Amino acid sequence: MVGKFITLEGGEGVGKTTNLRYIQECIEAAGIELVVTREPGGTEFAEKIRELLLTPSDETVCEMSELLLVFAARAQHLEQLIKPALAAGKWVLCDRFIDATHAYQGGGRQMNQQIINTLESMVLGSLQSDLTLLLDLPVEVGMARARARAALDRFEQEKVEFFERVRARYLERAAASQGRIQVIDAAPALPEVQAQIAAALAQMGVGA
Ligand code: Z5A
């Protein structure tokens, strides 16, 4: 694969949507052809799965259904969009990817790690991001930001302890990632957050 694969991760309200646009501007300003996408979703079919996953439901959604839907959407997204774009030399910027599964289903839901690893290897093979920017924020701050913004989706209705486990799992993965996952302190004002992001992108040869 020729293109670079960059993913953006973090808990609720950390500023992924806000900073995605900034990252896009930096990469495109460097003259690089970029595909911007998100998970769950990214293709017409995978976006239908996203709708299923995020819409609050009267019926309890069992954890295994949720996990399999996340990977079903990802399989479609990879084959239809991500792999062809990378093979064509384009860069791909994705709002959430596999680290979100480890954080939300593995950390938040406390699902069996071996099952997640097996599905990861079935669906991703050896593919991993070249760089993952993990926006990190104390849970209460992120939840307050998210709550001030919009109606809560099915995940956002979870309790604080769930999001504490999500954050902890993200940070554990960052510590073990040998530089693939770079932690960005998302607490300061936006210009300071974006200065950290620019420094991480500079390591990939992208000037701000
Ligand atoms: N999910 C999963 O369980 N497993 C998986 O494998 C995958 C996903 C891939 C998708 O949500 C859900 O799917 C997600 C996990 C699950 N759970 N949830 N919820 P999503 O990614 O579409 O959305 P989200 O996580 O809910 O993101 P968000 O709420 O849209 O937040 P955000 O994009 O990170 O934040 P934002 O909208 O950019 O910023 C929030 C507010 O803060 C906004 O008003 C900003 O103006 C403000 N903001 C941003 N930065 C700052 C700074 N620096 N200072 C002050 N205010 C700021």
# chains A, B, ... in the order shown; residues from 1 in each chain; ligands from 1

call {"tool": "residues_around", "arguments": {"residues": "region 188-196 of chain A", "least_positions_apart": "4", "cutoff": "8 Å", "atoms": "only C-alpha atoms", "output": "PDB file with all heavy atoms, in the first residue's frame"}}
result
ATOM      1  N   ASN A  19     -11.426  18.701  15.158  1.00  0.00           N
ATOM      2  CA  ASN A  19     -10.026  18.641  14.729  1.00  0.00           C
ATOM      3  C   ASN A  19      -9.837  17.879  13.421  1.00  0.00           C
ATOM      4  O   ASN A  19      -8.798  18.037  12.765  1.00  0.00           O
ATOM      5  CB  ASN A  19      -9.168  18.037  15.842  1.00  0.00           C
ATOM      6  CG  ASN A  19      -9.000  19.036  16.974  1.00  0.00           C
ATOM      7  OD1 ASN A  19      -8.391  20.092  16.795  1.00  0.00           O
ATOM      8  ND2 ASN A  19      -9.568  18.742  18.130  1.00  0.00           N
ATOM      9  N   TYR A  22      -9.301  20.325  10.735  1.00  0.00           N
ATOM     10  CA  TYR A  22      -7.961  20.937  10.787  1.00  0.00           C
ATOM     11  C   TYR A  22      -6.923  19.981  10.174  1.00  0.00           C
ATOM     12  O   TYR A  22      -6.074  20.387   9.372  1.00  0.00           O
ATOM     13  CB  TYR A  22      -7.598  21.257  12.234  1.00  0.00           C
ATOM     14  CG  TYR A  22      -6.174  21.726  12.401  1.00  0.00           C
ATOM     15  CD1 TYR A  22      -5.780  22.989  11.963  1.00  0.00           C
ATOM     16  CD2 TYR A  22      -5.215  20.892  12.969  1.00  0.00           C
ATOM     17  CE1 TYR A  22      -4.463  23.409  12.093  1.00  0.00           C
ATOM     18  CE2 TYR A  22      -3.899  21.310  13.107  1.00  0.00           C
ATOM     19  CZ  TYR A  22      -3.535  22.566  12.670  1.00  0.00           C
ATOM     20  OH  TYR A  22      -2.221  22.972  12.777  1.00  0.00           O
ATOM     21  N   ILE A 184      -2.767  13.219  22.308  1.00  0.00           N
ATOM     22  CA  ILE A 184      -2.895  14.677  22.222  1.00  0.00           C
ATOM     23  C   ILE A 184      -3.724  15.132  23.426  1.00  0.00           C
ATOM     24  O   ILE A 184      -4.836  14.627  23.628  1.00  0.00           O
ATOM     25  CB  ILE A 184      -3.654  15.071  20.915  1.00  0.00           C
ATOM     26  CG1 ILE A 184      -2.992  14.465  19.667  1.00  0.00           C
ATOM     27  CG2 ILE A 184      -3.831  16.582  20.817  1.00  0.00           C
ATOM     28  CD1 ILE A 184      -1.645  15.002  19.319  1.00  0.00           C
ATOM     29  N   ALA A 200       2.593  16.314  15.491  1.00  0.00           N
ATOM     30  CA  ALA A 200       2.500  14.874  15.167  1.00  0.00           C
ATOM     31  C   ALA A 200       2.479  14.672  13.653  1.00  0.00           C
ATOM     32  O   ALA A 200       3.123  13.758  13.128  1.00  0.00           O
ATOM     33  CB  ALA A 200       1.242  14.279  15.808  1.00  0.00           C
TER      34      ALA A 200
END

call {"tool": "residues_near_ligand", "arguments": {"ligand": "ligand 1", "cutoff": "8 Å", "atoms": "only C-alpha atoms and all ligand atoms", "output": "PyMOL selection string"}}
result
chain A and resi 9-20+38-40+50+53-54+66-67+70-71+95-105+135+142+145-146+148-149+152-156+186-193

call {"tool": "select_by_dssp", "arguments": {"residues": "region 66-164 of chain A", "states": "helix (DSSP H, G or I)", "output": "MDAnalysis selection string"}}
result
chainID A and resid 66:87 98:108 113:124 139:149 160:164

call {"tool": "atom_distance", "arguments": {"atom1": "CA of Glu28 (chain A)", "atom2": "CA of Gly179 (chain A)"}}
result
23.5 Å

call {"tool": "closest_residue", "arguments": {"among": "A:Ala88, A:Ile197, A:Val166, A:Val123", "to": "Leu8 (chain A)", "atoms": "only C-alpha atoms"}}
result
A:Ile197

call {"tool": "residues_around", "arguments": {"residues": "Gln128 (chain A)", "least_positions_apart": "4", "cutoff": "12 Å", "atoms": "only C-alpha atoms", "output": "list in words"}}
result
Met1, Lys4, Phe5, Ile6, Thr7, Leu78, Ile82, Lys83, Leu86, Val92, Cys94, Phe97, Ile98, Asp99, Glu120, Ser121, Val123, Leu124, Thr132, Ser177, Arg180 and Ile181 of chain A

call {"tool": "write_last_selection", "arguments": {"atoms": "N, CA, C and O atoms", "output": "PDB file, in the first residue's frame"}}
result
ATOM      1  N   MET A   1       0.841  -1.197   0.000  1.00  0.00           N
ATOM      2  CA  MET A   1       0.000   0.000   0.000  1.00  0.00           C
ATOM      3  C   MET A   1       0.875   1.246   0.000  1.00  0.00           C
ATOM      4  O   MET A   1       1.846   1.316   0.739  1.00  0.00           O
ATOM      5  N   LYS A   4      -0.908   6.725   3.031  1.00  0.00           N
ATOM      6  CA  LYS A   4      -0.810   6.644   4.506  1.00  0.00           C
ATOM      7  C   LYS A   4      -2.219   6.609   5.106  1.00  0.00           C
ATOM      8  O   LYS A   4      -3.149   7.251   4.599  1.00  0.00           O
ATOM      9  N   PHE A   5      -2.320   5.885   6.211  1.00  0.00           N
ATOM     10  CA  PHE A   5      -3.614   5.704   6.875  1.00  0.00           C
ATOM     11  C   PHE A   5      -3.528   6.353   8.261  1.00  0.00           C
ATOM     12  O   PHE A   5      -2.757   5.904   9.119  1.00  0.00           O
ATOM     13  N   ILE A   6      -4.315   7.406   8.443  1.00  0.00           N
ATOM     14  CA  ILE A   6      -4.307   8.141   9.714  1.00  0.00           C
ATOM     15  C   ILE A   6      -5.689   8.012  10.357  1.00  0.00           C
ATOM     16  O   ILE A   6      -6.708   8.193   9.690  1.00  0.00           O
ATOM     17  N   THR A   7      -5.711   7.684  11.632  1.00  0.00           N
ATOM     18  CA  THR A   7      -6.999   7.577  12.321  1.00  0.00           C
ATOM     19  C   THR A   7      -7.024   8.534  13.519  1.00  0.00           C
ATOM     20  O   THR A   7      -5.979   8.909  14.060  1.00  0.00           O
ATOM     21  N   LEU A  78     -13.516  -1.311   4.654  1.00  0.00           N
ATOM     22  CA  LEU A  78     -12.145  -1.618   4.213  1.00  0.00           C
ATOM     23  C   LEU A  78     -12.117  -2.013   2.742  1.00  0.00           C
ATOM     24  O   LEU A  78     -11.292  -1.508   1.974  1.00  0.00           O
ATOM     25  N   ILE A  82     -11.408   1.965   1.993  1.00  0.00           N
ATOM     26  CA  ILE A  82     -10.077   2.244   2.551  1.00  0.00           C
ATOM     27  C   ILE A  82      -8.970   1.576   1.732  1.00  0.00           C
ATOM     28  O   ILE A  82      -8.021   2.248   1.287  1.00  0.00           O
ATOM     29  N   LYS A  83      -9.087   0.279   1.505  1.00  0.00           N
ATOM     30  CA  LYS A  83      -7.998  -0.415   0.781  1.00  0.00           C
ATOM     31  C   LYS A  83      -7.837   0.106  -0.646  1.00  0.00           C
ATOM     32  O   LYS A  83      -6.698   0.354  -1.070  1.00  0.00           O
ATOM     33  N   LEU A  86      -5.994   3.532  -0.470  1.00  0.00           N
ATOM     34  CA  LEU A  86      -4.567   3.397  -0.111  1.00  0.00           C
ATOM     35  C   LEU A  86      -3.782   2.801  -1.278  1.00  0.00           C
ATOM     36  O   LEU A  86      -2.664   3.255  -1.592  1.00  0.00           O
ATOM     37  N   VAL A  92      -5.689   8.259   3.679  1.00  0.00           N
ATOM     38  CA  VAL A  92      -7.034   8.102   4.248  1.00  0.00           C
ATOM     39  C   VAL A  92      -7.009   8.613   5.683  1.00  0.00           C
ATOM     40  O   VAL A  92      -6.136   8.229   6.477  1.00  0.00           O
ATOM     41  N   CYS A  94      -9.426   8.694   8.908  1.00  0.00           N
ATOM     42  CA  CYS A  94     -10.645   8.028   9.378  1.00  0.00           C
ATOM     43  C   CYS A  94     -10.950   8.415  10.830  1.00  0.00           C
ATOM     44  O   CYS A  94     -10.109   8.259  11.717  1.00  0.00           O
ATOM     45  N   PHE A  97     -11.428   3.971  14.340  1.00  0.00           N
ATOM     46  CA  PHE A  97     -11.152   2.711  13.636  1.00  0.00           C
ATOM     47  C   PHE A  97     -11.001   1.618  14.695  1.00  0.00           C
ATOM     48  O   PHE A  97     -11.674   1.677  15.732  1.00  0.00           O
ATOM     49  N   ILE A  98     -10.092   0.680  14.496  1.00  0.00           N
ATOM     50  CA  ILE A  98     -10.024  -0.509  15.358  1.00  0.00           C
ATOM     51  C   ILE A  98      -9.735  -0.182  16.831  1.00  0.00           C
ATOM     52  O   ILE A  98     -10.215  -0.868  17.734  1.00  0.00           O
ATOM     53  N   ASP A  99      -8.976   0.897  17.084  1.00  0.00           N
ATOM     54  CA  ASP A  99      -8.691   1.213  18.495  1.00  0.00           C
ATOM     55  C   ASP A  99      -9.977   1.535  19.250  1.00  0.00           C
ATOM     56  O   ASP A  99     -10.062   1.306  20.466  1.00  0.00           O
ATOM     57  N   GLU A 120     -10.388  -9.036  14.685  1.00  0.00           N
ATOM     58  CA  GLU A 120      -9.463  -8.050  14.101  1.00  0.00           C
ATOM     59  C   GLU A 120      -8.599  -8.727  13.042  1.00  0.00           C
ATOM     60  O   GLU A 120      -8.424  -8.220  11.940  1.00  0.00           O
ATOM     61  N   SER A 121      -8.069  -9.894  13.392  1.00  0.00           N
ATOM     62  CA  SER A 121      -7.179 -10.519  12.420  1.00  0.00           C
ATOM     63  C   SER A 121      -7.947 -11.034  11.201  1.00  0.00           C
ATOM     64  O   SER A 121      -7.456 -10.974  10.080  1.00  0.00           O
ATOM     65  N   VAL A 123     -10.670  -9.581   9.877  1.00  0.00           N
ATOM     66  CA  VAL A 123     -11.171  -8.465   9.056  1.00  0.00           C
ATOM     67  C   VAL A 123     -10.039  -7.554   8.569  1.00  0.00           C
ATOM     68  O   VAL A 123     -10.052  -7.073   7.438  1.00  0.00           O
ATOM     69  N   LEU A 124      -9.042  -7.334   9.417  1.00  0.00           N
ATOM     70  CA  LEU A 124      -7.980  -6.385   9.049  1.00  0.00           C
ATOM     71  C   LEU A 124      -6.752  -7.063   8.451  1.00  0.00           C
ATOM     72  O   LEU A 124      -5.966  -6.419   7.758  1.00  0.00           O
ATOM     73  N   THR A 132      -2.090   7.155  14.602  1.00  0.00           N
ATOM     74  CA  THR A 132      -3.385   7.373  15.259  1.00  0.00           C
ATOM     75  C   THR A 132      -3.223   8.508  16.257  1.00  0.00           C
ATOM     76  O   THR A 132      -2.328   8.472  17.111  1.00  0.00           O
ATOM     77  N   SER A 177       1.906   1.043  22.026  1.00  0.00           N
ATOM     78  CA  SER A 177       1.835   1.091  20.550  1.00  0.00           C
ATOM     79  C   SER A 177       3.147   1.433  19.863  1.00  0.00           C
ATOM     80  O   SER A 177       3.190   1.488  18.635  1.00  0.00           O
ATOM     81  N   ARG A 180       2.834   4.397  17.349  1.00  0.00           N
ATOM     82  CA  ARG A 180       1.734   4.464  16.359  1.00  0.00           C
ATOM     83  C   ARG A 180       0.613   5.359  16.865  1.00  0.00           C
ATOM     84  O   ARG A 180       0.033   6.146  16.106  1.00  0.00           O
ATOM     85  N   ILE A 181       0.293   5.239  18.167  1.00  0.00           N
ATOM     86  CA  ILE A 181      -0.767   6.073  18.746  1.00  0.00           C
ATOM     87  C   ILE A 181      -0.117   7.223  19.504  1.00  0.00           C
ATOM     88  O   ILE A 181       0.626   7.000  20.467  1.00  0.00           O
TER      89      ILE A 181
END

call {"tool": "select_by_dssp", "arguments": {"residues": "chain A", "states": "strand (DSSP E or B)", "output": "list in words"}}
result
Phe5, Ile6, Thr7, Leu8, Glu9, Gly10, Leu34, Val35, Val36, Thr37, Arg38, Trp91, Val92, Leu93, Cys94, Asp95, Leu131, Thr132, Leu133, Leu134, Leu135, Asp136, Ile181, Gln182, Val183, Ile184 and Asp185 of chain A

call {"tool": "write_last_selection", "arguments": {"atoms": "N, CA, C and O atoms", "output": "short mmCIF file (atom, residue, chain, number, x, y, z; two decimals), in the first residue's frame"}}
result
data_model
loop_
_atom_site.label_atom_id
_atom_site.label_comp_id
_atom_site.auth_asym_id
_atom_site.auth_seq_id
_atom_site.Cartn_x
_atom_site.Cartn_y
_atom_site.Cartn_z
N PHE A 5 -2.32 5.89 6.21
CA PHE A 5 -3.61 5.70 6.87
C PHE A 5 -3.53 6.35 8.26
O PHE A 5 -2.76 5.90 9.12
N ILE A 6 -4.31 7.41 8.44
CA ILE A 6 -4.31 8.14 9.71
C ILE A 6 -5.69 8.01 10.36
O ILE A 6 -6.71 8.19 9.69
N THR A 7 -5.71 7.68 11.63
CA THR A 7 -7.00 7.58 12.32
C THR A 7 -7.02 8.53 13.52
O THR A 7 -5.98 8.91 14.06
N LEU A 8 -8.24 8.91 13.88
CA LEU A 8 -8.45 9.87 14.96
C LEU A 8 -9.35 9.18 16.00
O LEU A 8 -10.38 8.61 15.64
N GLU A 9 -8.91 9.20 17.24
CA GLU A 9 -9.64 8.47 18.28
C GLU A 9 -9.82 9.31 19.53
O GLU A 9 -9.14 10.33 19.71
N GLY A 10 -10.69 8.84 20.40
CA GLY A 10 -10.89 9.49 21.68
C GLY A 10 -12.30 9.24 22.20
O GLY A 10 -13.14 8.72 21.47
N LEU A 34 -6.50 13.20 -0.41
CA LEU A 34 -6.96 12.64 0.86
C LEU A 34 -8.41 12.19 0.77
O LEU A 34 -9.26 12.89 0.21
N VAL A 35 -8.70 11.03 1.37
CA VAL A 35 -10.07 10.56 1.53
C VAL A 35 -10.39 10.67 3.02
O VAL A 35 -9.65 10.14 3.85
N VAL A 36 -11.46 11.38 3.34
CA VAL A 36 -11.87 11.54 4.74
C VAL A 36 -13.10 10.67 4.98
O VAL A 36 -14.07 10.74 4.23
N THR A 37 -13.05 9.86 6.03
CA THR A 37 -14.15 8.94 6.26
C THR A 37 -14.33 8.70 7.75
O THR A 37 -13.66 9.36 8.56
N ARG A 38 -15.25 7.80 8.11
CA ARG A 38 -15.49 7.60 9.55
C ARG A 38 -15.97 6.18 9.82
O ARG A 38 -16.43 5.48 8.91
N TRP A 91 -4.08 9.19 0.65
CA TRP A 91 -4.06 9.06 2.10
C TRP A 91 -5.52 8.96 2.57
O TRP A 91 -6.43 9.48 1.93
N VAL A 92 -5.69 8.26 3.68
CA VAL A 92 -7.03 8.10 4.25
C VAL A 92 -7.01 8.61 5.68
O VAL A 92 -6.14 8.23 6.48
N LEU A 93 -7.96 9.49 5.98
CA LEU A 93 -8.12 10.02 7.34
C LEU A 93 -9.46 9.51 7.86
O LEU A 93 -10.52 9.82 7.30
N CYS A 94 -9.43 8.69 8.91
CA CYS A 94 -10.64 8.03 9.38
C CYS A 94 -10.95 8.41 10.83
O CYS A 94 -10.11 8.26 11.72
N ASP A 95 -12.17 8.91 11.04
CA ASP A 95 -12.66 9.27 12.38
C ASP A 95 -13.09 7.97 13.07
O ASP A 95 -14.13 7.43 12.76
N LEU A 131 -0.53 6.24 11.61
CA LEU A 131 -0.55 7.16 12.75
C LEU A 131 -1.98 7.24 13.29
O LEU A 131 -2.93 7.38 12.52
N THR A 132 -2.09 7.15 14.60
CA THR A 132 -3.39 7.37 15.26
C THR A 132 -3.22 8.51 16.26
O THR A 132 -2.33 8.47 17.11
N LEU A 133 -4.06 9.52 16.11
CA LEU A 133 -4.04 10.64 17.05
C LEU A 133 -5.15 10.38 18.07
O LEU A 133 -6.33 10.29 17.71
N LEU A 134 -4.74 10.21 19.32
CA LEU A 134 -5.70 9.94 20.39
C LEU A 134 -5.92 11.23 21.17
O LEU A 134 -5.03 11.70 21.90
N LEU A 135 -7.10 11.83 20.99
CA LEU A 135 -7.44 13.04 21.74
C LEU A 135 -7.88 12.60 23.13
O LEU A 135 -8.83 11.83 23.27
N ASP A 136 -7.17 13.08 24.14
CA ASP A 136 -7.43 12.61 25.51
C ASP A 136 -7.89 13.76 26.39
O ASP A 136 -7.33 14.86 26.34
N ILE A 181 0.29 5.24 18.17
CA ILE A 181 -0.77 6.07 18.75
C ILE A 181 -0.12 7.22 19.50
O ILE A 181 0.63 7.00 20.47
N GLN A 182 -0.38 8.44 19.08
CA GLN A 182 0.17 9.61 19.76
C GLN A 182 -0.94 10.30 20.55
O GLN A 182 -2.00 10.62 20.00
N VAL A 183 -0.67 10.51 21.82
CA VAL A 183 -1.69 11.10 22.69
C VAL A 183 -1.61 12.63 22.59
O VAL A 183 -0.55 13.23 22.74
N ILE A 184 -2.77 13.22 22.31
CA ILE A 184 -2.90 14.68 22.22
C ILE A 184 -3.72 15.13 23.43
O ILE A 184 -4.84 14.63 23.63
N ASP A 185 -3.19 16.06 24.20
CA ASP A 185 -3.95 16.61 25.33
C ASP A 185 -5.03 17.53 24.77
O ASP A 185 -4.73 18.61 24.25
#

call {"tool": "closest_residue", "arguments": {"among": "A:Glu172, A:Glu140, A:Glu47, A:Glu63", "to": "Ile116 (chain A)", "atoms": "only C-alpha atoms"}}
result
A:Glu63

call {"tool": "closest_residue", "arguments": {"among": "A:Gly89, A:Gly207, A:Pro56, A:Gly108", "to": "Gln157 (chain A)", "atoms": "only C-alpha atoms"}}
result
A:Pro56

call {"tool": "closest_residue", "arguments": {"among": "A:Glu164, A:Glu79, A:Glu51, A:Glu33", "to": "Arg109 (chain A)", "atoms": "only C-alpha atoms"}}
result
A:Glu164

call {"tool": "closest_residue", "arguments": {"among": "A:Val206, A:Thr60, A:Arg169, A:Ala174", "to": "Gln113 (chain A)", "atoms": "only C-alpha atoms"}}
result
A:Arg169
